[in-house]
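Chemist: The structure is given below, and queries will be raised subsequently.
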Amino acid sequence: MDISDMTRIHDVVIVGAGPAGLTAARILCQRGLKVKVLEARDRVGGRVKSVALPGGGHVELGAQWLAQKGQVRLERLIKEHGIVQLTNPRSGKNLYFSEGNARRVARDFVPLSLLRQIAATLLVWRIERLAGSVLSASNESLFRELDSVSVAEWVSRASLSRRASAYLLDGLEQGLCTPSSRVSMTEGLKLISGMGALRNLESADAFFFEEGLQSVFNRMAGELGDVVCLGQIVDALAADVDKVTVHSRGVGQNETVHSRRVVIAVPPQVMRGIRMDPPLESFRTQALLNFELGSVVKVVAVFERRSWRERGLSGEISSPDAPFDYVIDSSHPSSDRGILVGLATSRRGQALEGLNMEMLKSAFLRHLELCFGDSPGPCIAFHSHDWNGDPFSLGGYSSRRGMGYWARTGDSLFAPFGRIHFAGTETAHAWRGYIEGALESGERVAQEVLVALSRENRG
């Protein structure tokens with residue numbers, strides 16, 4: 001490469017301006033590197049999407065919450081940008097809706113008899129103990145064995161009660177967003193280990209944010225300035241000895257840029273659509289083709305007032321056999337308006353795929369009427385996002401490795417491929433599938449790139 005080429009080449013091109021890509025870009029720019037971020041959408045944030053409400057306030061159509069404990073990177077980022085943190089309303093009774101009947105229950109209610117609760121507690125203890133041991137280097141044979149056994153199969157075998165196992169599997173599927181029969185026990189243990197404990201899954205929706213979570217990533221992008229380019233769909237990478245050529249297409253403008261290193265920070269199922277020359281090795285290609293796509297449909301209904309509070313209800317509803325398995329009150333404390341968020345995850349999300357906004361609104365309001373006993377009042381706004389049909393996500397919250405692919409690929413799946421590096425929540429060790437995992441991966445890949453470029457400079 002001659003000197004004139006060196007003046008035009010970037011140090012790093014990052015594909016994707018979600019939490020992982022922006023985190024990596026920020027670190028690399030702080031180290032004085034020439035960075036470019038190419039984002040397919042007309043906004044930053046990836047699977048974080050905030051929508052402003054008329055009259056003030058926001059609703060979240062993507063990732064929304066900060067966990068009670070353990071998500072240190074996201075918590076630090078929120079404090080750094082001065083974002084006001086709100087606590088999800090918890091006063092009042094919850095509802096448990098099953099087989100067409102709604103019951104008022106305490107927040108810590110478990111829909112099992114005492115003996116079945118004991119069985120469920122023993123099962124959780126076994127799973128957490130297994131998560132702490134099977135992922136160590138000394139247990140490789142068990143690690144591989146459990147990668148051929150689904151979460152559903154292992155839990156059903158290990159449980160002393162069929163109802164206890166069904167209860168636990170329902171909770172796990174909310175975190176996995178994938179049917180537990182299609183996810184290996186190794187994948188499930190990886191999720192639990194990365195959160196620290198299974199009980200942390202229950203408190204992963206502790207806090208939300210007054211300005212909307214996307215505002216954090218808007219500010220990060222604002223600090224980066226013209227480093228971030230929106231509306232550019234990267235469709236091809238061509239690597240040679242000393243650079244990678246990145247081809248992207250946009251509305252009325254295609255772009256070709258050269259870079260010493262490239263970071264792909266998009267979901268694995270989206271990554272599959274990027275042509276690479278040379279192509280990825282067959283073991284990576286097969287693993288990417290066999291990822292299980294997460295499925296979630298999220299709806300947000302805004303009401304004139306929080307009528308459920310007047311009835312002594314918290315607005316939190318668990319409904320294992322209904323179209324929406326979880327509802328939570330995300331009302332802003334400074335407003336009289338009531339906001340209920342509904343989630344349809346895993347097989348429930350799959351069942352709602354393809355429904356238009358009016359059909360989803362009708363289904364959700366009908367669900368609330370059945371749970372509350374009558375209408376919660378006039379719905380003045382309704383929002384939804386089908387992450388399964390979003391071409392730049394193709395699923396949510398995250399995707400999961402197919403059965404057997406941890407044993408086949410291990411950590412090598414997202415190891416650097418020549419001058420190409422990989423980030424995103426699916427590549428994380430901690431809180432994989434959450435924003436925290438995306439932030440961790442952005443930090444990790446930035447250090448990876450810095451080490452690689454340092455070696456290159458010395459060599």
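For the structure tokens, the naming scheme is as follows: chains receive sequential letters (A, B, ...) according to their order of presentation, residues are indexed from 1 within each chain, and ligands are indexed from 1 in presentation order.
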Return as a PyMOL selection string the full set of residues in range 49-194 of chain A whose backbone-based DSSP assignment is helix (DSSP H, G or I).
Modeler: chain A and resi 72-80+114-134+137-146+151-158+162-176+180-182+185-194
Chemist: Would you tabulate, counting only C-alpha atoms, all residues of range 205-311 of chain A that have an atom at most 12 Å from an atom of range 87-96 of chain A, showing the closest pair of atoms and their distance in Å to one decimal, sorted by chain then ascending number, as CSV?
Modeler:
```
residue,atom,partner,partner_atom,distance
A:Asp205,CA,A:Asn88,CA,7.6
A:Ala206,CA,A:Asn88,CA,5.9
A:Phe207,CA,A:Thr87,CA,4.6
A:Phe208,CA,A:Thr87,CA,6.4
A:Phe209,CA,A:Thr87,CA,8.5
A:Glu210,CA,A:Thr87,CA,10.1
A:Arg306,CA,A:Pro89,CA,11.3
A:Trp308,CA,A:Gly92,CA,9.1
A:Arg309,CA,A:Gly92,CA,7.1
A:Glu310,CA,A:Gly92,CA,9.5
A:Arg311,CA,A:Gly92,CA,8.5
```
Chemist: Which residue gives the smallest distance to Ser165 in chain A among A:Gly132, A:Leu123, A:Thr409, A:Ala204, with only C-alpha atoms counted?
Modeler: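 So, comparing all the options, the nearest one is A:Leu123.
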Chemist: Closest to Val234 in chain A among A:Phe364, A:Phe414, A:Phe392, A:Phe97, using only C-alpha atoms?
Modeler: A:Phe392
Chemist: Any idea what's packed within 9 Å of Ala221 in chain A, counting only C-alpha atoms, ignoring anything in its chain fewer than 6 positions away? Could you give it as a PyMOL selection string?
Modeler: chain A and resi 17+22+26+44+227-228
Chemist: Mind checking which residues fall within 10 Å of Ser248 in chain A, counting only C-alpha atoms, ignoring those fewer than 4 positions away in the same chain, and posting them as a PyMOL selection string?
Modeler: chain A and resi 15+38-40+231-237+253-257+274
Chemist: Those same residues - N, CA, C and O atoms - I'd like them written as a PDB file, in the first residue's frame.
Modeler:
```
ATOM      1  N   VAL A  15     -19.609  -1.908  11.671  1.00  0.00           N
ATOM      2  CA  VAL A  15     -20.902  -2.158  11.034  1.00  0.00           C
ATOM      3  C   VAL A  15     -21.949  -2.292  12.136  1.00  0.00           C
ATOM      4  O   VAL A  15     -21.970  -3.281  12.875  1.00  0.00           O
ATOM      5  N   LEU A  38     -21.018   2.528  10.223  1.00  0.00           N
ATOM      6  CA  LEU A  38     -22.046   2.444   9.188  1.00  0.00           C
ATOM      7  C   LEU A  38     -23.279   1.753   9.762  1.00  0.00           C
ATOM      8  O   LEU A  38     -23.206   0.604  10.204  1.00  0.00           O
ATOM      9  N   GLU A  39     -24.401   2.453   9.768  1.00  0.00           N
ATOM     10  CA  GLU A  39     -25.643   1.944  10.351  1.00  0.00           C
ATOM     11  C   GLU A  39     -26.734   1.885   9.291  1.00  0.00           C
ATOM     12  O   GLU A  39     -26.981   2.859   8.579  1.00  0.00           O
ATOM     13  N   ALA A  40     -27.405   0.739   9.187  1.00  0.00           N
ATOM     14  CA  ALA A  40     -28.423   0.551   8.159  1.00  0.00           C
ATOM     15  C   ALA A  40     -29.687   1.376   8.433  1.00  0.00           C
ATOM     16  O   ALA A  40     -30.330   1.872   7.499  1.00  0.00           O
ATOM     17  N   GLY A 231     -28.276   5.064   7.499  1.00  0.00           N
ATOM     18  CA  GLY A 231     -28.856   4.687   6.208  1.00  0.00           C
ATOM     19  C   GLY A 231     -27.905   3.999   5.268  1.00  0.00           C
ATOM     20  O   GLY A 231     -28.127   3.990   4.051  1.00  0.00           O
ATOM     21  N   GLN A 232     -26.858   3.369   5.797  1.00  0.00           N
ATOM     22  CA  GLN A 232     -25.885   2.658   4.968  1.00  0.00           C
ATOM     23  C   GLN A 232     -25.918   1.167   5.302  1.00  0.00           C
ATOM     24  O   GLN A 232     -25.529   0.758   6.390  1.00  0.00           O
ATOM     25  N   ILE A 233     -26.419   0.368   4.373  1.00  0.00           N
ATOM     26  CA  ILE A 233     -26.540  -1.076   4.562  1.00  0.00           C
ATOM     27  C   ILE A 233     -25.281  -1.742   4.023  1.00  0.00           C
ATOM     28  O   ILE A 233     -25.028  -1.731   2.805  1.00  0.00           O
ATOM     29  N   VAL A 234     -24.480  -2.287   4.893  1.00  0.00           N
ATOM     30  CA  VAL A 234     -23.263  -2.977   4.463  1.00  0.00           C
ATOM     31  C   VAL A 234     -23.654  -4.344   3.911  1.00  0.00           C
ATOM     32  O   VAL A 234     -24.280  -5.148   4.596  1.00  0.00           O
ATOM     33  N   ASP A 235     -23.262  -4.586   2.654  1.00  0.00           N
ATOM     34  CA  ASP A 235     -23.629  -5.865   2.049  1.00  0.00           C
ATOM     35  C   ASP A 235     -22.440  -6.710   1.600  1.00  0.00           C
ATOM     36  O   ASP A 235     -22.621  -7.868   1.213  1.00  0.00           O
ATOM     37  N   ALA A 236     -21.211  -6.166   1.663  1.00  0.00           N
ATOM     38  CA  ALA A 236     -20.055  -6.960   1.240  1.00  0.00           C
ATOM     39  C   ALA A 236     -18.778  -6.456   1.886  1.00  0.00           C
ATOM     40  O   ALA A 236     -18.587  -5.248   2.071  1.00  0.00           O
ATOM     41  N   LEU A 237     -17.908  -7.401   2.224  1.00  0.00           N
ATOM     42  CA  LEU A 237     -16.569  -7.117   2.739  1.00  0.00           C
ATOM     43  C   LEU A 237     -15.572  -7.910   1.922  1.00  0.00           C
ATOM     44  O   LEU A 237     -15.782  -9.105   1.665  1.00  0.00           O
ATOM     45  N   GLN A 253     -27.209   6.601  -2.637  1.00  0.00           N
ATOM     46  CA  GLN A 253     -25.767   6.738  -2.457  1.00  0.00           C
ATOM     47  C   GLN A 253     -25.166   5.420  -1.980  1.00  0.00           C
ATOM     48  O   GLN A 253     -25.485   4.942  -0.895  1.00  0.00           O
ATOM     49  N   ASN A 254     -24.305   4.856  -2.804  1.00  0.00           N
ATOM     50  CA  ASN A 254     -23.523   3.701  -2.398  1.00  0.00           C
ATOM     51  C   ASN A 254     -22.155   4.191  -1.945  1.00  0.00           C
ATOM     52  O   ASN A 254     -21.687   5.246  -2.364  1.00  0.00           O
ATOM     53  N   GLU A 255     -21.519   3.437  -1.081  1.00  0.00           N
ATOM     54  CA  GLU A 255     -20.251   3.879  -0.533  1.00  0.00           C
ATOM     55  C   GLU A 255     -19.271   2.711  -0.475  1.00  0.00           C
ATOM     56  O   GLU A 255     -19.652   1.571  -0.188  1.00  0.00           O
ATOM     57  N   THR A 256     -18.019   3.008  -0.755  1.00  0.00           N
ATOM     58  CA  THR A 256     -16.939   2.038  -0.603  1.00  0.00           C
ATOM     59  C   THR A 256     -15.851   2.679   0.239  1.00  0.00           C
ATOM     60  O   THR A 256     -15.364   3.763  -0.088  1.00  0.00           O
ATOM     61  N   VAL A 257     -15.526   2.038   1.350  1.00  0.00           N
ATOM     62  CA  VAL A 257     -14.480   2.557   2.221  1.00  0.00           C
ATOM     63  C   VAL A 257     -13.472   1.457   2.505  1.00  0.00           C
ATOM     64  O   VAL A 257     -13.781   0.265   2.423  1.00  0.00           O
ATOM     65  N   ILE A 274     -24.248 -10.538   4.906  1.00  0.00           N
ATOM     66  CA  ILE A 274     -23.076  -9.795   4.425  1.00  0.00           C
ATOM     67  C   ILE A 274     -22.158 -10.754   3.681  1.00  0.00           C
ATOM     68  O   ILE A 274     -21.678 -11.745   4.256  1.00  0.00           O
TER      69      ILE A 274
END
```
Chemist: Apply DSSP to the structure's backbone, then extract all residues of range 15-249 of chain A labelled strand (DSSP E or B) and return them as JSON, numbers by chain.
Modeler: {"A": [15, 35, 36, 37, 38, 50, 51, 52, 58, 59, 60, 66, 85, 86, 87, 93, 94, 95, 96, 97, 98, 101, 102, 103, 104, 105, 150, 184, 207, 208, 209, 228, 229, 233, 234, 235, 236, 237, 238, 239, 244, 245, 246, 247, 248, 249]}
Chemist: Mind dumping the selected residues with C-alpha atoms as a PDB file, in the first residue's frame?
Modeler:
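What follows is the written file part19.pdb:
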```
ATOM      1  CA  VAL A  15     -20.902  -2.158  11.034  1.00  0.00           C
ATOM      2  CA  VAL A  35     -13.154   5.336  12.887  1.00  0.00           C
ATOM      3  CA  LYS A  36     -16.279   5.126  10.756  1.00  0.00           C
ATOM      4  CA  VAL A  37     -19.599   3.600  11.868  1.00  0.00           C
ATOM      5  CA  LEU A  38     -22.046   2.444   9.188  1.00  0.00           C
ATOM      6  CA  SER A  50     -37.743   4.987  22.180  1.00  0.00           C
ATOM      7  CA  VAL A  51     -40.798   6.850  20.870  1.00  0.00           C
ATOM      8  CA  ALA A  52     -41.798  10.287  22.181  1.00  0.00           C
ATOM      9  CA  HIS A  58     -41.499   8.304  26.084  1.00  0.00           C
ATOM     10  CA  VAL A  59     -42.403   4.692  25.518  1.00  0.00           C
ATOM     11  CA  GLU A  60     -39.902   1.962  24.758  1.00  0.00           C
ATOM     12  CA  LEU A  66     -31.979  -1.857  34.056  1.00  0.00           C
ATOM     13  CA  GLN A  85     -33.786   6.597  36.486  1.00  0.00           C
ATOM     14  CA  LEU A  86     -37.348   5.578  37.418  1.00  0.00           C
ATOM     15  CA  THR A  87     -38.472   2.605  39.483  1.00  0.00           C
ATOM     16  CA  LYS A  93     -51.598  -6.537  43.993  1.00  0.00           C
ATOM     17  CA  ASN A  94     -50.386  -8.379  40.907  1.00  0.00           C
ATOM     18  CA  LEU A  95     -52.689 -10.478  38.747  1.00  0.00           C
ATOM     19  CA  TYR A  96     -52.167 -14.101  37.793  1.00  0.00           C
ATOM     20  CA  PHE A  97     -54.297 -15.009  34.781  1.00  0.00           C
ATOM     21  CA  SER A  98     -54.638 -18.669  33.831  1.00  0.00           C
ATOM     22  CA  ASN A 101     -59.481 -16.742  35.433  1.00  0.00           C
ATOM     23  CA  ALA A 102     -57.654 -13.824  37.063  1.00  0.00           C
ATOM     24  CA  ARG A 103     -56.480 -13.901  40.683  1.00  0.00           C
ATOM     25  CA  ARG A 104     -55.140 -11.079  42.831  1.00  0.00           C
ATOM     26  CA  VAL A 105     -51.794 -12.212  44.183  1.00  0.00           C
ATOM     27  CA  SER A 150     -32.494 -29.366  25.325  1.00  0.00           C
ATOM     28  CA  SER A 184     -29.444 -26.708  24.580  1.00  0.00           C
ATOM     29  CA  PHE A 207     -35.753   0.406  36.507  1.00  0.00           C
ATOM     30  CA  PHE A 208     -36.564   2.403  33.367  1.00  0.00           C
ATOM     31  CA  PHE A 209     -35.682   5.910  32.186  1.00  0.00           C
ATOM     32  CA  VAL A 228     -21.585   7.772  12.437  1.00  0.00           C
ATOM     33  CA  CYS A 229     -23.247   7.385   9.022  1.00  0.00           C
ATOM     34  CA  ILE A 233     -26.540  -1.076   4.562  1.00  0.00           C
ATOM     35  CA  VAL A 234     -23.263  -2.977   4.463  1.00  0.00           C
ATOM     36  CA  ASP A 235     -23.629  -5.865   2.049  1.00  0.00           C
ATOM     37  CA  ALA A 236     -20.055  -6.960   1.240  1.00  0.00           C
ATOM     38  CA  LEU A 237     -16.569  -7.117   2.739  1.00  0.00           C
ATOM     39  CA  ALA A 238     -13.439  -7.950   0.763  1.00  0.00           C
ATOM     40  CA  ALA A 239     -10.230  -8.511   2.728  1.00  0.00           C
ATOM     41  CA  VAL A 244     -10.654  -4.600   4.184  1.00  0.00           C
ATOM     42  CA  THR A 245     -12.837  -2.987   1.536  1.00  0.00           C
ATOM     43  CA  VAL A 246     -16.349  -2.316   2.810  1.00  0.00           C
ATOM     44  CA  HIS A 247     -19.230  -1.925   0.353  1.00  0.00           C
ATOM     45  CA  SER A 248     -22.497  -0.357   1.506  1.00  0.00           C
ATOM     46  CA  ARG A 249     -25.641   0.912  -0.157  1.00  0.00           C
TER      47      ARG A 249
END
```
Chemist: Kindly give the distance, in Å, that separates CA of Gly354 in chain A and CA of Gly437 in chain A, rounded to a single decimal.
Modeler: 28.8 Å
